[in-house]
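Visitor: The structure file protein_7.cif (mmCIF, C-alpha atoms) is provided below.
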```
data_structure
#
loop_
_atom_site.group_PDB
_atom_site.id
_atom_site.type_symbol
_atom_site.label_atom_id
_atom_site.label_comp_id
_atom_site.auth_asym_id
_atom_site.auth_seq_id
_atom_site.Cartn_x
_atom_site.Cartn_y
_atom_site.Cartn_z
ATOM 1 C CA MET U 1 14.241 5.766 13.869
ATOM 2 C CA ASP U 2 13.817 7.143 10.365
ATOM 3 C CA THR U 3 10.452 6.938 8.733
ATOM 4 C CA LEU U 4 9.736 6.929 5.050
ATOM 5 C CA LYS U 5 10.066 10.516 3.922
ATOM 6 C CA PRO U 6 8.386 11.206 0.604
ATOM 7 C CA GLU U 7 9.986 13.914 -1.446
ATOM 8 C CA SER U 8 8.518 16.216 -4.026
ATOM 9 C CA SER U 9 10.297 15.605 -7.282
ATOM 10 C CA ASP U 10 11.123 17.134 -10.604
ATOM 11 C CA LEU U 11 13.641 14.463 -11.619
ATOM 12 C CA PRO U 12 14.549 13.223 -15.049
ATOM 13 C CA ILE U 13 12.448 10.097 -15.495
ATOM 14 C CA LEU U 14 15.465 7.788 -15.788
ATOM 15 C CA GLU U 15 16.819 9.080 -12.466
ATOM 16 C CA ALA U 16 13.399 8.578 -10.847
ATOM 17 C CA LEU U 17 13.380 4.979 -12.125
ATOM 18 C CA LYS U 18 16.875 4.419 -10.734
ATOM 19 C CA LYS U 19 15.735 5.683 -7.311
ATOM 20 C CA ALA U 20 12.711 3.393 -7.443
ATOM 21 C CA ARG U 21 14.940 0.436 -8.393
ATOM 22 C CA ASP U 22 17.222 1.216 -5.443
ATOM 23 C CA ILE U 23 14.199 1.260 -3.107
ATOM 24 C CA GLU U 24 12.981 -2.093 -4.495
ATOM 25 C CA ASN U 25 16.456 -3.622 -3.997
ATOM 26 C CA LYS U 26 16.661 -2.321 -0.427
ATOM 27 C CA LEU U 27 13.157 -3.579 0.298
ATOM 28 C CA SER U 28 14.090 -7.036 -1.003
ATOM 29 C CA THR U 29 17.082 -7.193 1.330
ATOM 30 C CA ARG U 30 14.987 -5.941 4.254
ATOM 31 C CA TYR U 31 12.210 -8.433 3.691
ATOM 32 C CA ILE U 32 14.707 -11.316 3.646
ATOM 33 C CA GLN U 33 16.126 -10.071 6.959
ATOM 34 C CA TYR U 34 12.632 -9.816 8.420
ATOM 35 C CA ALA U 35 11.751 -13.319 7.217
ATOM 36 C CA GLU U 36 14.793 -14.643 9.072
ATOM 37 C CA PHE U 37 14.020 -12.578 12.179
ATOM 38 C CA THR U 38 10.383 -13.411 12.854
ATOM 39 C CA ASP U 39 9.125 -16.574 14.519
ATOM 40 C CA ASN U 40 5.699 -16.076 12.971
ATOM 41 C CA GLU U 41 5.505 -18.488 10.026
ATOM 42 C CA VAL U 42 2.870 -16.470 8.175
ATOM 43 C CA ALA U 43 4.916 -13.265 8.506
ATOM 44 C CA SER U 44 8.101 -15.075 7.462
ATOM 45 C CA SER U 45 6.400 -16.520 4.382
ATOM 46 C CA LEU U 46 4.933 -13.135 3.435
ATOM 47 C CA PHE U 47 8.285 -11.369 3.861
ATOM 48 C CA THR U 48 9.986 -14.005 1.669
ATOM 49 C CA HIS U 49 7.298 -13.534 -0.991
ATOM 50 C CA LEU U 50 7.625 -9.734 -0.845
ATOM 51 C CA ALA U 51 11.431 -10.006 -1.194
ATOM 52 C CA SER U 52 10.963 -12.031 -4.372
ATOM 53 C CA GLU U 53 8.401 -9.534 -5.680
ATOM 54 C CA CYS U 54 10.794 -6.626 -5.041
ATOM 55 C CA ARG U 55 13.531 -8.379 -7.031
ATOM 56 C CA LYS U 56 11.010 -8.861 -9.862
ATOM 57 C CA HIS U 57 10.082 -5.170 -9.656
ATOM 58 C CA SER U 58 13.740 -4.167 -9.858
ATOM 59 C CA CYS U 59 14.015 -6.102 -13.142
ATOM 60 C CA MET U 60 10.814 -4.498 -14.441
ATOM 61 C CA LEU U 61 12.239 -1.057 -13.637
ATOM 62 C CA ASP U 62 15.399 -1.948 -15.564
ATOM 63 C CA GLU U 63 13.170 -2.877 -18.501
ATOM 64 C CA LEU U 64 11.331 0.440 -18.153
ATOM 65 C CA SER U 65 14.631 2.322 -18.172
ATOM 66 C CA GLY U 66 15.512 0.607 -21.445
ATOM 67 C CA LEU U 67 12.130 1.427 -22.960
ATOM 68 C CA LEU U 68 12.317 5.049 -21.857
ATOM 69 C CA GLY U 69 15.966 5.608 -22.746
ATOM 70 C CA ASN U 70 14.929 7.912 -25.560
ATOM 71 C CA ALA U 71 12.774 9.934 -23.143
ATOM 72 C CA VAL U 72 15.773 11.413 -21.339
ATOM 73 C CA ASN U 73 14.237 14.879 -21.404
ATOM 74 C CA LEU U 74 11.004 13.674 -19.799
ATOM 75 C CA ASN U 75 10.727 14.607 -16.113
ATOM 76 C CA TYR U 76 8.805 12.938 -13.327
ATOM 77 C CA ARG U 77 6.959 15.753 -11.572
ATOM 78 C CA GLY U 78 5.105 13.735 -8.963
ATOM 79 C CA ASP U 79 4.467 14.847 -5.427
ATOM 80 C CA LEU U 80 5.767 11.581 -4.069
ATOM 81 C CA MET U 81 9.173 10.026 -4.527
ATOM 82 C CA PRO U 82 9.871 7.216 -2.082
ATOM 83 C CA GLY U 83 12.519 8.365 0.384
ATOM 84 C CA ARG U 84 14.466 6.519 3.029
ATOM 85 C CA LEU U 85 13.183 3.272 4.472
ATOM 86 C CA PRO U 86 12.354 2.999 8.159
ATOM 87 C CA GLU U 87 15.176 1.675 10.313
ATOM 88 C CA ILE U 88 14.526 -1.104 12.796
ATOM 89 C CA GLY U 89 16.952 -1.581 15.689
ATOM 90 C CA SER U 90 19.436 -4.388 15.197
ATOM 91 C CA VAL U 91 19.297 -5.684 18.789
ATOM 92 C CA ILE U 92 15.984 -7.399 19.338
ATOM 93 C CA ASP U 93 15.184 -9.665 22.257
ATOM 94 C CA GLN U 94 12.536 -12.367 22.107
ATOM 95 C CA PRO U 95 9.919 -10.619 24.303
ATOM 96 C CA THR U 96 9.794 -7.776 21.794
ATOM 97 C CA ALA U 97 9.947 -9.994 18.689
ATOM 98 C CA ILE U 98 6.176 -9.975 18.067
ATOM 99 C CA GLU U 99 5.994 -6.228 18.710
ATOM 100 C CA THR U 100 8.874 -5.653 16.321
ATOM 101 C CA THR U 101 7.294 -7.854 13.644
ATOM 102 C CA TYR U 102 4.067 -5.881 14.010
ATOM 103 C CA LYS U 103 5.978 -2.598 13.808
ATOM 104 C CA ILE U 104 7.829 -3.763 10.688
ATOM 105 C CA VAL U 105 4.541 -4.706 9.026
ATOM 106 C CA LYS U 106 2.894 -1.418 9.986
ATOM 107 C CA GLU U 107 5.798 0.703 8.718
ATOM 108 C CA HIS U 108 6.196 -1.240 5.509
ATOM 109 C CA THR U 109 2.501 -0.864 4.762
ATOM 110 C CA ALA U 110 3.291 2.860 4.513
ATOM 111 C CA VAL U 111 6.361 2.093 2.370
ATOM 112 C CA GLU U 112 4.294 0.012 -0.046
ATOM 113 C CA GLU U 113 1.673 2.788 -0.202
ATOM 114 C CA SER U 114 4.379 5.327 -1.064
ATOM 115 C CA VAL U 115 5.842 3.121 -3.793
ATOM 116 C CA LEU U 116 2.336 2.468 -5.158
ATOM 117 C CA GLN U 117 1.621 6.198 -5.433
ATOM 118 C CA PHE U 118 4.976 6.753 -7.156
ATOM 119 C CA TYR U 119 4.119 4.149 -9.819
ATOM 120 C CA ILE U 120 0.647 5.645 -10.296
ATOM 121 C CA ASP U 121 2.152 9.115 -10.781
ATOM 122 C CA LEU U 122 4.780 7.741 -13.153
ATOM 123 C CA SER U 123 2.154 5.900 -15.223
ATOM 124 C CA ARG U 124 0.589 9.272 -16.024
ATOM 125 C CA VAL U 125 3.690 10.549 -17.828
ATOM 126 C CA VAL U 126 5.211 7.586 -19.673
ATOM 127 C CA PRO U 127 5.165 8.114 -23.419
ATOM 128 C CA ASN U 128 4.463 4.602 -24.711
ATOM 129 C CA ASP U 129 2.010 1.760 -24.207
ATOM 130 C CA GLU U 130 4.610 -0.875 -23.359
ATOM 131 C CA ALA U 131 6.039 1.241 -20.523
ATOM 132 C CA TYR U 132 2.503 1.977 -19.340
ATOM 133 C CA GLY U 133 1.736 -1.765 -19.294
ATOM 134 C CA ILE U 134 4.764 -2.478 -17.116
ATOM 135 C CA LEU U 135 3.731 0.263 -14.710
ATOM 136 C CA ARG U 136 0.174 -1.115 -14.554
ATOM 137 C CA ARG U 137 1.604 -4.515 -13.515
ATOM 138 C CA LEU U 138 3.762 -2.813 -10.878
ATOM 139 C CA ILE U 139 0.707 -0.933 -9.595
ATOM 140 C CA GLU U 140 -1.328 -4.149 -9.339
ATOM 141 C CA ASP U 141 1.520 -5.847 -7.453
ATOM 142 C CA GLU U 142 1.919 -2.952 -5.031
ATOM 143 C CA ARG U 143 -1.816 -2.913 -4.313
ATOM 144 C CA SER U 144 -1.602 -6.627 -3.608
ATOM 145 C CA HIS U 145 1.400 -6.103 -1.295
ATOM 146 C CA HIS U 146 -0.487 -3.431 0.591
ATOM 147 C CA GLU U 147 -3.467 -5.759 1.045
ATOM 148 C CA MET U 148 -1.226 -8.621 2.220
ATOM 149 C CA LEU U 149 0.531 -6.426 4.770
ATOM 150 C CA ASP U 150 -2.816 -5.049 6.011
ATOM 151 C CA LYS U 151 -4.127 -8.602 6.449
ATOM 152 C CA LEU U 152 -0.976 -9.674 8.288
ATOM 153 C CA MET U 153 -1.210 -6.620 10.549
ATOM 154 C CA SER U 154 -4.829 -7.537 11.364
ATOM 155 C CA ASP U 155 -3.895 -11.174 12.005
ATOM 156 C CA LEU U 156 -1.030 -10.186 14.304
ATOM 157 C CA MET U 157 -3.326 -7.822 16.180
ATOM 158 C CA GLU U 158 -5.915 -10.563 16.572
ATOM 159 C CA LEU U 159 -3.357 -13.124 17.765
ATOM 160 C CA TYR U 160 -1.119 -10.941 19.922
ATOM 161 C CA GLY U 161 -3.148 -7.793 20.557
ATOM 162 C CA GLU U 162 -2.460 -7.743 24.283
ATOM 163 C CA GLN U 163 1.288 -7.889 23.598
ATOM 164 C CA LEU U 164 1.303 -5.092 21.044
ATOM 165 C CA THR U 165 1.956 -1.707 22.561
ATOM 166 C CA LEU U 166 3.007 -0.150 19.268
ATOM 167 C CA ASP U 167 -0.417 0.032 17.626
ATOM 168 C CA SER U 168 -0.910 3.627 18.750
ATOM 169 C CA ASP U 169 2.351 4.803 17.101
#
```
Represent the structure from my file as structure tokens, please.

Guide:
Amino acid sequence: MDTLKPESSDLPILEALKKARDIENKLSTRYIQYAEFTDNEVASSLFTHLASECRKHSCMLDELSGLLGNAVNLNYRGDLMPGRLPEIGSVIDQPTAIETTYKIVKEHTAVEESVLQFYIDLSRVVPNDEAYGILRRLIEDERSHHEMLDKLMSDLMELYGEQLTLDSD
């Protein structure tokens, strides 16, 4: 299984935004798949919400690209560029469904943290207030996502703790 692998970056800012948009689009697709997979109604609802948020973020990143189009020479020099998303096996049987849901939540908490740090780093280099405002909204959303995933992870642990063998991963 791949894990999220942050990369150091010295990318042109528009390329960094494109990579972030690609991550948001992939996350949206993943969250929809997870919503369909899990039998836990709270997890399914949260994954559906996060998928919608990721689509919104993709549009915000498009808007940022338009705003920063004249900043083509500006580079993003952050230490963290979101890398590949974790892969979850495609064959899942029901006895492992809760474990897999828990694992998905745990791994995507790290994904959301990585994306949050990327937006924080990016907000430090954008050259105009409108772009900064968009990044501040993205940062607030990502913090909220992180909190929601943490809460869901806690709830799953409380409900199914004895079934979860992955919490030491």

Visitor: Between U:Val111, U:Leu17, U:Glu63, U:Val42, single out the one closest to Arg30 in chain U, counting all atoms listed in the file.

Guide: U:Val111

Visitor: May I ask which of the residues U:Ile13, U:Ser28, U:Leu152, U:Glu162 is the closest one to Val125 in chain U, counting all atoms listed in the file?

Guide: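 Closest to Val125 in chain U, using all atoms listed in the file: U:Ile13.
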
Visitor: Looking at U:Phe47, U:Tyr102, U:Tyr132, U:Tyr34, which one is nearest to Gln163 in chain U, with distances taken over all atoms listed in the file?

Guide: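 Using all atoms listed in the file, Gln163 in chain U sits closest to U:Tyr102.
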
Visitor: Taking the file as shown, find all residues satisfying the PyMOL selection byres ((chain U and resi 115) around 9) and write them as a VMD selection string.

Guide: chain U and resid 20 23 to 24 80 to 82 110 to 114 116 to 120 139 142

Visitor: Kindly resolve the PyMOL selection byres ((chain U and resi 104) around 10) on the present coordinates and return the residues as JSON, numbers by chain.

Guide: {"U": [30, 31, 34, 86, 87, 88, 98, 99, 100, 101, 102, 103, 105, 106, 107, 108, 109, 149, 153]}

Visitor: Find the distance between CA of Cys59 in chain U and CA of Leu122 in chain U and write it in Å to one decimal.

Guide: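 That distance, rounded to one decimal, is 16.6 Å.
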
Visitor: Separation of CA of Arg143 in chain U and CA of Lys18 in chain U, in Å?

Guide: 21.1 Å

Visitor: Which value, in Å to one decimal, gives the distance between CA of Arg137 in chain U and CA of Leu156 in chain U?

Guide: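 About the pair CA of Arg137 in chain U and CA of Leu156 in chain U: they are 28.5 Å apart.
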
Visitor: Looking at all atoms listed in the file, which of U:Arg136, U:Lys151, U:His57, U:His146 is the one that sits closest to Asp22 in chain U?

Guide: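 Using all atoms listed in the file, the shortest distance to Asp22 in chain U belongs to U:His57.
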